[in-house]
Structure formats: C-alpha cells, structure tokens
Amino acid sequence: MGISRRNFLGRVAAITGTAIFGSSTTAHALNTSNERNWDLWAKKSKAPVPEERLGVLVDTTVCIGCRRCEWACNEWNKNPNRPIKEFEASVYQKESVFNTVRRMHAENFTVVNRFINSKDSTPIYVKRQCMHCEDPGCLSSCFVDAYRKTKIGSVLYNPGVCIGCRYCMLACPFDVPAYEYNEPLNPQITKCTLCFDRISQGSVPACVEICPAQVMTFGKRSDLINLAHKRIIDNPGKYVDHIYGEHEVGGTSWLYLSSVPFDRIGFKTDLAETPIPKLSKGYLFGVKMFEIVGAWPLVFGAYYVISRARKKAKESHETSAEQKGEGHGEKH
Amino acid sequence: MKHPLSRREKAMAKNTNSWVREKIFLGMTPRDYIISLFTVPNLIAGGIIALAVAVMIWRLFFGLGASTNLSDNYPWGLWIGFDILVGIALAAPGLTLGTAVHLFGMKQYHHFVRPAILSSLLGYIFAVFALMFDLGRYYRIPYLLGGSWGFTSILFLIGWHFFLYINICLIEWSPALFEWLNLRKLREFFNKLAIWATIFGVVIAGGHQSALGGLYLLVPNKLHPLWYSSLLPVFFLLSAIFAGIAMVIVESTITHRIFKSQIENFSHAEFDKLTIGLGKGAASALFIYFILKIFAIADADTWAYLDTPYGYWFLVELLGFVLLPVFFFTSAARNDNAKLARFAGLITVLGVILNRLNVSIVAYNWDMPAALKYYPKWSEFSLSIGVVAMLVLAYRWIVNRMAIMREHPDYESSH
C-alpha cells in the first residue's frame, strides 16, 4: 500500500507530537488487533470468495466461569495479559472480579460476568463481547465510515480514518466499543473482531477454541439458530424460550441461550427488533429531501420577495429624494 | 487585546496617526491602549482564559482520560453537551433574525441582524474550537470533508453543515469587515452575496439544528423515555428557534447597555417595542414546542414516568422553563412590559441550556447506578467557561471596531 496520505499525516502528527510532548505519548502500548484485522479484510475483500455468515452460539447454562476465554482473547489480540492461572482462580476467590459486573474496555475485548440464579442461588456466568450486529449501529453512526460488516459476519473497525468522536460508543445498544482514553495523540476505538484473522483462514475464534466446557458453538448463523431452537425443544424447562440475538436490533452474529430471563443476566431486554440504523434513516432522508427538493422553492420565493422589496425601496427612495431634495439618505 | 505587531508598526503607531492606531488601538497610542485594557472585568476574563488554556494543554499532553471524567459508558460529556449542543442552539440568532428580516421582510428588526450574525459566527467558531479538544484525533478533521464519507451518519451531516454554515456566516458578516477595512468594492460584492448566504443559511442552519437532536435518535435504550422521542429533531429545531430569539433579547439588553455610545438616535421606547415583538415570536415557538412535548408523552404513553424523580426534573424543565416564559412573554406583550419580556428571554435561554444538558448528560444512561454516572471534572467546566470568555472578548473586540451596532457613516444601509 505504501504510505497513504492519512498515514503520512498521522505519522507527521505523531512525530511532531513526540518531539513536543516528549516521551509521554509513546509510553502507551497501542492496540494493533483492530488495525491488523481491517487491513486483512481490505486485502481479502478484493478477492470474490463466496463467504457464509458465521456466528457463535453461547449456552450460558454450561459456563463454569474459568475466564480462559478472556486470557485467550488477550493473548491472540496482543492485549495486556496475566498468567492464565490468575484468570482461572477468580471462580474460587472471595475478592474476585466477579463481584462487580464489568464491561469491555480498551484493553479487554471480552469479559465474563457472574450473576446469581434467584431460584437455586447457583452462579450463572455470562461471557460478553461485541455482538456483531447484522445491521450495526456503530457502522451507521460513523461519520468517517470506519466500520464494515464483513460477509463472514465480523464487524470491523478501521483506526486509519477514525477521528475519535466516540459517537459509535453512543450508538452501540450493547455498550461494546471502548476507547483508549489515556492515549493523548492516537487514541482508537477497540473491540472484538470475531477473530476475523482466524475465521477467515478457516479457524475458530480464540475464545471458542480454548473453552473447556463447550459453552460456545461456532458455525453458520442459520445453523446455530436451528441448533438453539432444537436445544430449547429437546430440554423442556431448561431454557427460557428465547434466543437472544436472533431478532434483537435486527439480529446479531452472537446468539445466547439462558435458563433465566435475559434481563437477570445483564442483557438489555427492551431492545426493539428494529436495527439501530433504521432509527435515523427516516430523518436523514427527510433532511436531504428538504434540502435538495424543498429548499429551492424557498430560495426562489425569497429571491422574488427580495427583488420586489428592492424595487419598492428604490421607488420610495427616489420619491423621498425628490421631495426633500436630498442625495443619499441613511433612511431605511 | 494584544495584537502581534512588528516593532516598526509600533513605532509608526506611536508617532503618526497611523492605520494601526485607528483600527486596532481605537485611536489611542499603544501605551494608552494597553493601559486601558487593565480593568477588573478584563482581568477576571484573563484569569478564566488562562486556566482554560492550561486545561487545553493538559488535554493535549495527557489525553481525555486525565483531563476529563469521561468513561466508556459516558463517551460524551460536558464538552459535547455544553460546547456543542448548548453552544450551537444559542448561536441561532443569525438563523432566526436572518429569516425574520430577509425572508419574512420584518424590516423593523434590521438593527438586530448584524449583532445576531456576529454572535452566530463567533458561536459556531468557538464551538468547533472547543470540539477540537474533545475529538481524539482532532488533526484528522479534514477527513470529514474529503476522503472518508460516512453518508449514513447524522454526525456527517452535522459536520458538513457546520463547515458550510461557518462560511455562510463569514459571508454575511464580511460587509462589516470590509467597511472597517474600507474596501468598497469587496464590500459591495459580499453585500450582494450576503442575501443569498442568508437564504442558504436558513436551510443549512435548520438542517443541522434538528440534526443535533437527531444524534440521539440512535439511543432509545439509553436516553430516558421522557426525553427520548422520534420527534427529537423537531424539538431541537423548535427550541433552537426560540433560543435564537431569546438570545437576541438577552444579548441586545446587554449590548445596548455596554455599547450605548455607539447607537445613534437610540430610542428606549422603540427598543422596548421591538423586544416585546421578539418576545411574541418566542412565545409562539415555545407554545408549539410545549404542545408537541405533551403529544410526544401521549404518543409514547410515558405518563407514568412523570411521577418519578426523573419525571419531576422533566416537569421542572417543561413547566418552569417552557410554559412559564410563554406566560411571561404574553403578559409582557399585553402590558407593554419590556422588562418582563427580557426576564422571560433569560429564562428561555436557561431552559434551553437545561434541556441540552438533560438530553446529553442527566437523562443519558438514566438507569445506570449512580456510581457509574458521569459528573464533569473541574477542568471540563474550566475549558467550557474559558471558551465562552474568549467568545465574549472576541465579540467586544469586533463590536468596538466594526459597524455592528451602528451604521457605518460612509456606507449606505444594506437593508
């Protein structure tokens, strides 16, 4: 690709920034995973390979809370990591990360949260990450077009054009995109890529691969929905009759099964089936129509009014000048 | 205001009645001029701005994490809520007065047009200036105009409209600039262009005022149901209209006091009459807004929320800062009470500030636990107030030099 203009600009800014600000800006370990996946997609998208929509089905009833998926995710995406033993220990610790409900941040693309089943007070562990919407709100909200929904299912982010406005973080109904707040010069949005770099090579996502309890099933989204329905029917009473992600905001690549209502395990259940982009589509269409079609009569109408008023003013000016015998007046 | 001047120019200004002395130093010698700047209000403004500049540097060196209380749950805070949402709504005088005078032919208000356009111009410029500190990669802002276009984004529409509207305001304002510089030909050219700019300005400003409300169409699950509505763009546009009118009332009250010496043939009675007339316009817009708000509640059937703490707060905003000024404006018109109209104008402006902050901060993530909510850091307030102080000083600097409040004696009125 060579050095494109934006890379060049960014680099110049980075260099001058480093020169002015000293080493304070270079100390941060920038996330590289999002950029790598975007570049990979940009390369691949040119080759016309038929791709199937893939996804992951999460059965929250079997998760044991080992948090190995978090470790594997950090490892694969080169996020700051700690020994895997520390992750596995959380389940037994009294003072553990499970005591608060966490969300994704700049340096972790996935988190496992613990909820307590009110029926039998057993713990329920729920892994969260980007849901990879079929019609993503982040994509439609981005004013520099930095997001793509790939054919394979991943929603990818391009740090190369991002201005850092953070509107995608508002637009996301699942509160997924996180921001590198402590990076003064080149902050990025960071999020799960559905391991685009792995699944586009025929592999499975890092979290799915490491899971010791077969919580996650990776496959074609349509197959996963059939599988989920089958599980609900085959195990009467075990699951609530709902696949989270099948219809929420128009459907997501990640699908969830649960034994308790979803609002008890940290999911928003007030989401409509309308995709987020649809919420602004009508308005945007209206504004464009108004400005392109409706504005013209207004402009010409105004021109008519102005020219008539000017004519009138000229006439009255002349008559008043005649009457008073004055030259230029400052009358209005 | 310290202006960069070469030593030679300074020497010239000292010795001769030079251009610089006339235009920049208001006819004083540089020494006298600098001494004249040391007044209590100036020193206060200087202190506020110095602190704000320190915060700006802090933000540039250490990022948003250090200088703000923003978080992954609250990506937008005071710098968007106040500097952009409030700032742009209050910068609507150019839109409302431009429409009234140039499109509806209400010539009696033409004295208000130049100050209104100047406050719009400066409002937008300083809002965008403040925005630069909120954007993570502010140096990439040209990408918006060329390179990477997000056509599906309301923010894209807003970005382009800001850019266009600042240019429109520049054209509208430029006749005053060229009168000051005594460039007659340019002044004539831009004077003709200004009317067209005003017409396009109405379309462009209406578009992006509503689009600012449109931004929040995407967050039905984060914004409190009383504030969320599919009518948000309409609410933002309507409230920008009465905010624009109310700002003209408030601003003119202040400027007529401060710059009184500039206004020839100033008639109190005439000024009061026009203020009340503006109040009538604001009252109509406020009332339509109020009715639509009630319709929105009825349509979404969110009555039950009114009897909750958020509901009480919503009622404070709607009854205290929308309905009450309607009564005040109406009463002012009936009793010819300009003072009451001015007071109502002030309440209306405060109400618009309250509304924008409610939408962007208070009612956003309303169901989140209090511990996770966002409370602005002192530095965020400091930067926002500092930018307002810069705006006020810039406004005064221009009004003291150019024909904003008055007619330029050498030029025929353009209206």
# chains A, B, ... in the order shown; residues from 1 in each chain; ligands from 1
$ residues_around --residues "segment 295-307 of chain B" --least-positions-apart "5" --cutoff "10 Å" --atoms "only C-alpha atoms" --output "MDAnalysis selection string"
chainID B and resid 224:232 289:290 312:315
$ closest_atom_pairs --of "chain A" --to "chain B" --cutoff "7 Å" --atoms "only C-alpha atoms" --output "Markdown table"
| residue | atom | partner | partner_atom | distance |
| --- | --- | --- | --- | --- |
| A:Phe21 | CA | B:Phe61 | CA | 6.3 |
| A:His105 | CA | B:Asp72 | CA | 7.0 |
| A:Ser140 | CA | B:Thr152 | CA | 5.1 |
| A:Ser141 | CA | B:Ser153 | CA | 4.6 |
| A:Cys142 | CA | B:Ser153 | CA | 5.7 |
| A:Phe143 | CA | B:Gly150 | CA | 4.3 |
| A:Val144 | CA | B:Gly150 | CA | 4.7 |
| A:Asp145 | CA | B:Gly150 | CA | 4.2 |
| A:Ile163 | CA | B:Arg137 | CA | 4.8 |
| A:Gly164 | CA | B:Gly136 | CA | 4.2 |
| A:Cys165 | CA | B:Leu135 | CA | 5.1 |
| A:Arg166 | CA | B:Pro75 | CA | 6.0 |
| A:Met169 | CA | B:Pro75 | CA | 6.5 |
| A:Leu170 | CA | B:Val219 | CA | 6.9 |
| A:Ala171 | CA | B:Leu218 | CA | 5.6 |
| A:Ala178 | CA | B:Asp72 | CA | 5.5 |
| A:Tyr179 | CA | B:Asp72 | CA | 6.4 |
| A:Tyr181 | CA | B:Gly65 | CA | 4.5 |
| A:Asn182 | CA | B:Gly65 | CA | 4.7 |
| A:Glu183 | CA | B:Gly63 | CA | 5.6 |
| A:Pro184 | CA | B:Gly63 | CA | 3.7 |
| A:Leu185 | CA | B:Arg137 | CA | 6.6 |
| A:Asn186 | CA | B:Arg137 | CA | 6.3 |
| A:Pro187 | CA | B:Gly136 | CA | 5.9 |
| A:Leu271 | CA | B:Asn221 | CA | 6.9 |
| A:Ile276 | CA | B:Leu218 | CA | 6.0 |
| A:Leu279 | CA | B:Leu218 | CA | 5.9 |
| A:Ser280 | CA | B:Leu217 | CA | 6.0 |
| A:Leu284 | CA | B:Ile154 | CA | 6.9 |
| A:Val287 | CA | B:Gly207 | CA | 6.3 |
| A:Glu291 | CA | B:Val203 | CA | 6.5 |
| A:Ala295 | CA | B:Val203 | CA | 6.5 |
| A:Val299 | CA | B:Ile199 | CA | 6.2 |
| A:Ala302 | CA | B:Leu103 | CA | 5.7 |
| A:Glu330 | CA | B:Glu412 | CA | 6.2 |
$ residues_around --residues "Asn34 of chain A" --least-positions-apart "2" --cutoff "12 Å" --atoms "only C-alpha atoms" --output "ChimeraX atom specification"
/A:30-32,36-41,76-79,106-107,109,146-148,154-160,162,177-178,188-197
$ atom_distance --atom1 "atom CA of Val349 of chain B" --atom2 "atom CA of Val322 of chain B"
9.9 Å
$ residues_around --residues "Phe126 of chain B" --least-positions-apart "4" --cutoff "9 Å" --atoms "only C-alpha atoms" --output "PyMOL selection string"
chain B and resi 83+87+121-122+130-131+387-388+390-391
$ select_by_dssp --residues "segment 11-171 of chain B" --states "alpha helix (DSSP H)" --output "PyMOL selection string"
chain B and resi 11-15+19-23+30-37+40-67+78-80+87-90+93-98+110-134+142-145+154-171
$ write_last_selection --atoms "C-alpha atoms" --output "mmCIF file, in the first residue's frame"
data_model
loop_
_atom_site.group_PDB
_atom_site.id
_atom_site.type_symbol
_atom_site.label_atom_id
_atom_site.label_comp_id
_atom_site.auth_asym_id
_atom_site.auth_seq_id
_atom_site.Cartn_x
_atom_site.Cartn_y
_atom_site.Cartn_z
ATOM 1 C CA ALA B 11 6.890 52.937 16.194
ATOM 2 C CA MET B 12 4.621 54.164 13.469
ATOM 3 C CA ALA B 13 1.629 53.960 15.704
ATOM 4 C CA LYS B 14 3.406 55.979 18.322
ATOM 5 C CA ASN B 15 4.471 58.745 16.059
ATOM 6 C CA TRP B 19 -3.857 52.897 10.299
ATOM 7 C CA VAL B 20 -2.976 50.555 13.129
ATOM 8 C CA ARG B 21 -3.699 53.142 15.746
ATOM 9 C CA GLU B 22 -7.050 53.984 14.255
ATOM 10 C CA LYS B 23 -8.158 50.460 13.501
ATOM 11 C CA PRO B 30 -0.330 51.568 22.077
ATOM 12 C CA ARG B 31 0.683 52.511 25.609
ATOM 13 C CA ASP B 32 -2.631 54.111 26.419
ATOM 14 C CA TYR B 33 -4.464 51.259 24.781
ATOM 15 C CA ILE B 34 -2.701 48.595 26.829
ATOM 16 C CA ILE B 35 -3.280 50.598 29.994
ATOM 17 C CA SER B 36 -6.954 50.882 29.093
ATOM 18 C CA LEU B 37 -7.171 47.086 28.997
ATOM 19 C CA VAL B 40 -11.492 44.423 36.551
ATOM 20 C CA PRO B 41 -13.719 42.541 34.041
ATOM 21 C CA ASN B 42 -10.768 42.109 31.695
ATOM 22 C CA LEU B 43 -8.579 40.735 34.450
ATOM 23 C CA ILE B 44 -11.278 38.276 35.505
ATOM 24 C CA ALA B 45 -11.744 37.183 31.884
ATOM 25 C CA GLY B 46 -7.974 36.901 31.534
ATOM 26 C CA GLY B 47 -7.757 34.631 34.566
ATOM 27 C CA ILE B 48 -10.582 32.403 33.310
ATOM 28 C CA ILE B 49 -8.955 32.108 29.906
ATOM 29 C CA ALA B 50 -5.513 31.411 31.365
ATOM 30 C CA LEU B 51 -6.929 28.490 33.345
ATOM 31 C CA ALA B 52 -8.789 27.202 30.282
ATOM 32 C CA VAL B 53 -5.617 27.351 28.202
ATOM 33 C CA ALA B 54 -3.835 25.364 30.899
ATOM 34 C CA VAL B 55 -6.586 22.726 30.690
ATOM 35 C CA MET B 56 -6.258 22.653 26.894
ATOM 36 C CA ILE B 57 -2.544 21.984 27.188
ATOM 37 C CA TRP B 58 -3.227 19.335 29.807
ATOM 38 C CA ARG B 59 -5.695 17.643 27.475
ATOM 39 C CA LEU B 60 -3.260 17.743 24.555
ATOM 40 C CA PHE B 61 -0.401 16.272 26.579
ATOM 41 C CA PHE B 62 -2.167 13.682 28.699
ATOM 42 C CA GLY B 63 -5.379 12.862 26.873
ATOM 43 C CA LEU B 64 -9.041 12.813 27.760
ATOM 44 C CA GLY B 65 -8.545 10.187 30.459
ATOM 45 C CA ALA B 66 -6.557 12.585 32.617
ATOM 46 C CA SER B 67 -8.336 15.832 31.868
ATOM 47 C CA LEU B 78 -19.813 18.462 29.095
ATOM 48 C CA TRP B 79 -17.658 19.368 26.124
ATOM 49 C CA ILE B 80 -20.277 17.962 23.763
ATOM 50 C CA GLY B 87 -23.437 26.488 22.109
ATOM 51 C CA ILE B 88 -24.990 25.822 18.727
ATOM 52 C CA ALA B 89 -28.559 26.259 19.979
ATOM 53 C CA LEU B 90 -27.639 29.628 21.475
ATOM 54 C CA PRO B 93 -29.784 34.309 16.395
ATOM 55 C CA GLY B 94 -28.399 34.503 12.859
ATOM 56 C CA LEU B 95 -30.920 31.892 11.769
ATOM 57 C CA THR B 96 -33.969 33.465 13.424
ATOM 58 C CA LEU B 97 -33.203 37.106 12.680
ATOM 59 C CA GLY B 98 -31.963 36.312 9.183
ATOM 60 C CA HIS B 110 -32.837 45.009 10.821
ATOM 61 C CA HIS B 111 -30.842 46.727 13.559
ATOM 62 C CA PHE B 112 -30.599 43.362 15.277
ATOM 63 C CA VAL B 113 -29.347 41.489 12.244
ATOM 64 C CA ARG B 114 -25.652 42.342 12.322
ATOM 65 C CA PRO B 115 -25.206 41.613 16.034
ATOM 66 C CA ALA B 116 -27.162 38.380 15.527
ATOM 67 C CA ILE B 117 -24.967 37.286 12.642
ATOM 68 C CA LEU B 118 -21.825 38.110 14.580
ATOM 69 C CA SER B 119 -22.976 36.063 17.554
ATOM 70 C CA SER B 120 -23.778 33.136 15.261
ATOM 71 C CA LEU B 121 -20.411 33.357 13.561
ATOM 72 C CA LEU B 122 -18.480 33.503 16.811
ATOM 73 C CA GLY B 123 -20.742 30.912 18.430
ATOM 74 C CA TYR B 124 -20.003 28.370 15.740
ATOM 75 C CA ILE B 125 -16.309 29.138 15.503
ATOM 76 C CA PHE B 126 -15.776 28.775 19.230
ATOM 77 C CA ALA B 127 -17.999 25.692 19.465
ATOM 78 C CA VAL B 128 -15.894 23.985 16.823
ATOM 79 C CA PHE B 129 -12.735 25.231 18.527
ATOM 80 C CA ALA B 130 -13.854 23.642 21.802
ATOM 81 C CA LEU B 131 -14.796 20.477 19.937
ATOM 82 C CA MET B 132 -11.193 20.070 18.814
ATOM 83 C CA PHE B 133 -10.257 19.238 22.394
ATOM 84 C CA ASP B 134 -12.941 16.591 22.664
ATOM 85 C CA PRO B 142 -10.143 17.319 7.213
ATOM 86 C CA TYR B 143 -11.012 13.627 6.630
ATOM 87 C CA LEU B 144 -14.608 14.629 7.148
ATOM 88 C CA LEU B 145 -14.551 16.942 4.147
ATOM 89 C CA ILE B 154 -26.146 12.144 11.236
ATOM 90 C CA LEU B 155 -22.825 13.388 12.545
ATOM 91 C CA PHE B 156 -21.583 13.545 8.967
ATOM 92 C CA LEU B 157 -24.493 15.804 8.096
ATOM 93 C CA ILE B 158 -23.725 17.972 11.118
ATOM 94 C CA GLY B 159 -20.025 18.197 10.351
ATOM 95 C CA TRP B 160 -20.631 19.340 6.803
ATOM 96 C CA HIS B 161 -23.347 21.733 7.850
ATOM 97 C CA PHE B 162 -21.098 23.311 10.481
ATOM 98 C CA PHE B 163 -18.465 23.811 7.833
ATOM 99 C CA LEU B 164 -20.932 25.325 5.371
ATOM 100 C CA TYR B 165 -22.655 27.440 7.958
ATOM 101 C CA ILE B 166 -19.440 28.994 9.271
ATOM 102 C CA ASN B 167 -18.675 30.011 5.694
ATOM 103 C CA ILE B 168 -22.182 31.392 5.294
ATOM 104 C CA CYS B 169 -21.816 33.426 8.484
ATOM 105 C CA LEU B 170 -18.447 34.692 7.288
ATOM 106 C CA ILE B 171 -20.041 35.930 4.073
#
$ atom_distance --atom1 "atom CA of Thr110 of chain A" --atom2 "atom CA of Trp366 of chain B"
24.5 Å
$ atom_distance --atom1 "atom CA of Ile258 of chain B" --atom2 "atom CA of Ala283 of chain B"
26.8 Å
$ residues_around --residues "Ile243 of chain A" --least-positions-apart "6" --cutoff "9 Å" --atoms "only C-alpha atoms" --output "ChimeraX atom specification"
/A:225,228-229,255-258
$ decode --residues "segment 300-349 of chain B" --atoms "N, CA and C atoms" --output "CSV table (one decimal), in the first residue's frame"
chain,number,residue,atom,x,y,z
B,300,ALA,N,-46.0,8.2,23.2
B,300,ALA,CA,-45.2,7.1,23.7
B,300,ALA,C,-45.8,6.5,25.0
B,301,ASP,N,-46.9,7.1,25.5
B,301,ASP,CA,-47.5,6.7,26.7
B,301,ASP,C,-46.5,6.6,27.9
B,302,THR,N,-45.8,7.6,28.1
B,302,THR,CA,-44.8,7.6,29.2
B,302,THR,C,-45.3,8.4,30.4
B,303,TRP,N,-46.6,8.6,30.5
B,303,TRP,CA,-47.2,9.4,31.6
B,303,TRP,C,-46.7,8.9,33.0
B,304,ALA,N,-46.6,7.6,33.1
B,304,ALA,CA,-46.2,7.0,34.4
B,304,ALA,C,-44.9,7.5,34.9
B,305,TYR,N,-44.0,7.8,33.9
B,305,TYR,CA,-42.6,8.3,34.3
B,305,TYR,C,-42.7,9.6,35.0
B,306,LEU,N,-43.7,10.4,34.8
B,306,LEU,CA,-43.8,11.7,35.3
B,306,LEU,C,-43.8,11.7,36.9
B,307,ASP,N,-44.3,10.6,37.4
B,307,ASP,CA,-44.3,10.5,38.9
B,307,ASP,C,-43.1,9.8,39.4
B,308,THR,N,-41.9,10.1,38.9
B,308,THR,CA,-40.6,9.6,39.4
B,308,THR,C,-39.7,10.7,39.5
B,309,PRO,N,-38.6,10.6,40.2
B,309,PRO,CA,-37.6,11.7,40.3
B,309,PRO,C,-37.2,12.3,39.0
B,310,TYR,N,-37.0,11.4,38.0
B,310,TYR,CA,-36.7,12.0,36.6
B,310,TYR,C,-37.9,12.7,36.1
B,311,GLY,N,-39.1,12.3,36.4
B,311,GLY,CA,-40.3,12.9,35.9
B,311,GLY,C,-40.4,14.3,36.5
B,312,TYR,N,-40.1,14.5,37.8
B,312,TYR,CA,-40.2,15.8,38.4
B,312,TYR,C,-39.2,16.7,37.8
B,313,TRP,N,-38.0,16.2,37.5
B,313,TRP,CA,-37.0,17.0,36.9
B,313,TRP,C,-37.4,17.5,35.5
B,314,PHE,N,-38.1,16.5,34.8
B,314,PHE,CA,-38.6,16.8,33.5
B,314,PHE,C,-39.7,17.9,33.5
B,315,LEU,N,-40.5,17.8,34.6
B,315,LEU,CA,-41.6,18.8,34.8
B,315,LEU,C,-41.0,20.2,35.1
B,316,VAL,N,-39.9,20.2,35.9
B,316,VAL,CA,-39.2,21.5,36.1
B,316,VAL,C,-38.8,22.1,34.8
B,317,GLU,N,-38.2,21.3,33.9
B,317,GLU,CA,-37.8,21.8,32.7
B,317,GLU,C,-38.9,22.3,31.8
B,318,LEU,N,-40.0,21.5,31.8
B,318,LEU,CA,-41.1,21.8,30.8
B,318,LEU,C,-42.0,22.9,31.3
B,319,LEU,N,-42.3,22.9,32.6
B,319,LEU,CA,-43.2,23.9,33.2
B,319,LEU,C,-42.5,25.2,33.5
B,320,GLY,N,-41.3,25.0,34.2
B,320,GLY,CA,-40.6,26.2,34.7
B,320,GLY,C,-39.9,26.9,33.6
B,321,PHE,N,-39.4,26.2,32.6
B,321,PHE,CA,-38.6,26.9,31.6
B,321,PHE,C,-39.1,26.9,30.2
B,322,VAL,N,-40.4,26.3,30.0
B,322,VAL,CA,-41.0,26.4,28.7
B,322,VAL,C,-42.4,27.1,28.9
B,323,LEU,N,-43.2,26.6,29.7
B,323,LEU,CA,-44.5,27.2,29.9
B,323,LEU,C,-44.5,28.5,30.6
B,324,LEU,N,-43.7,28.6,31.6
B,324,LEU,CA,-43.7,29.9,32.4
B,324,LEU,C,-43.2,31.1,31.5
B,325,PRO,N,-42.1,30.9,30.7
B,325,PRO,CA,-41.8,32.1,29.8
B,325,PRO,C,-42.9,32.4,28.8
B,326,VAL,N,-43.7,31.4,28.4
B,326,VAL,CA,-44.8,31.7,27.5
B,326,VAL,C,-45.8,32.7,28.2
B,327,PHE,N,-46.1,32.5,29.4
B,327,PHE,CA,-47.0,33.4,30.2
B,327,PHE,C,-46.3,34.7,30.3
B,328,PHE,N,-45.0,34.7,30.7
B,328,PHE,CA,-44.3,36.0,30.9
B,328,PHE,C,-44.3,36.8,29.6
B,329,PHE,N,-44.0,36.2,28.5
B,329,PHE,CA,-43.9,36.9,27.2
B,329,PHE,C,-45.3,37.4,26.8
B,330,THR,N,-46.3,36.6,27.1
B,330,THR,CA,-47.7,37.0,26.7
B,330,THR,C,-48.1,38.2,27.6
B,331,SER,N,-47.8,38.1,28.9
B,331,SER,CA,-48.2,39.2,29.8
B,331,SER,C,-47.4,40.4,29.4
B,332,ALA,N,-46.1,40.3,29.1
B,332,ALA,CA,-45.3,41.4,28.7
B,332,ALA,C,-45.9,42.1,27.5
B,333,ALA,N,-46.4,41.3,26.5
B,333,ALA,CA,-47.0,41.9,25.3
B,333,ALA,C,-48.3,42.7,25.7
B,334,ARG,N,-49.0,42.1,26.6
B,334,ARG,CA,-50.3,42.7,26.9
B,334,ARG,C,-50.1,44.0,27.7
B,335,ASN,N,-49.1,44.0,28.6
B,335,ASN,CA,-48.9,45.2,29.5
B,335,ASN,C,-47.8,46.1,29.0
B,336,ASP,N,-47.3,45.8,27.8
B,336,ASP,CA,-46.2,46.6,27.3
B,336,ASP,C,-45.0,46.7,28.3
B,337,ASN,N,-44.7,45.5,28.9
B,337,ASN,CA,-43.7,45.4,29.9
B,337,ASN,C,-42.4,44.8,29.4
B,338,ALA,N,-41.5,45.6,28.9
B,338,ALA,CA,-40.3,45.1,28.2
B,338,ALA,C,-39.4,44.4,29.2
B,339,LYS,N,-39.4,44.9,30.4
B,339,LYS,CA,-38.6,44.3,31.5
B,339,LYS,C,-39.0,42.8,31.7
B,340,LEU,N,-40.3,42.6,31.7
B,340,LEU,CA,-40.7,41.2,31.9
B,340,LEU,C,-40.3,40.3,30.7
B,341,ALA,N,-40.4,40.9,29.5
B,341,ALA,CA,-40.0,40.2,28.3
B,341,ALA,C,-38.6,39.8,28.3
B,342,ARG,N,-37.7,40.7,28.9
B,342,ARG,CA,-36.3,40.5,29.0
B,342,ARG,C,-36.0,39.3,30.0
B,343,PHE,N,-36.8,39.4,31.1
B,343,PHE,CA,-36.7,38.3,32.1
B,343,PHE,C,-37.1,37.0,31.5
B,344,ALA,N,-38.2,37.0,30.8
B,344,ALA,CA,-38.7,35.8,30.1
B,344,ALA,C,-37.6,35.3,29.1
B,345,GLY,N,-36.9,36.2,28.4
B,345,GLY,CA,-35.9,35.8,27.5
B,345,GLY,C,-34.8,35.1,28.2
B,346,LEU,N,-34.4,35.6,29.4
B,346,LEU,CA,-33.3,34.9,30.2
B,346,LEU,C,-33.8,33.5,30.6
B,347,ILE,N,-35.0,33.4,31.1
B,347,ILE,CA,-35.5,32.1,31.5
B,347,ILE,C,-35.5,31.1,30.3
B,348,THR,N,-35.9,31.6,29.1
B,348,THR,CA,-35.9,30.7,28.0
B,348,THR,C,-34.5,30.2,27.6
B,349,VAL,N,-33.5,31.1,27.7
B,349,VAL,CA,-32.2,30.7,27.4
B,349,VAL,C,-31.7,29.7,28.4
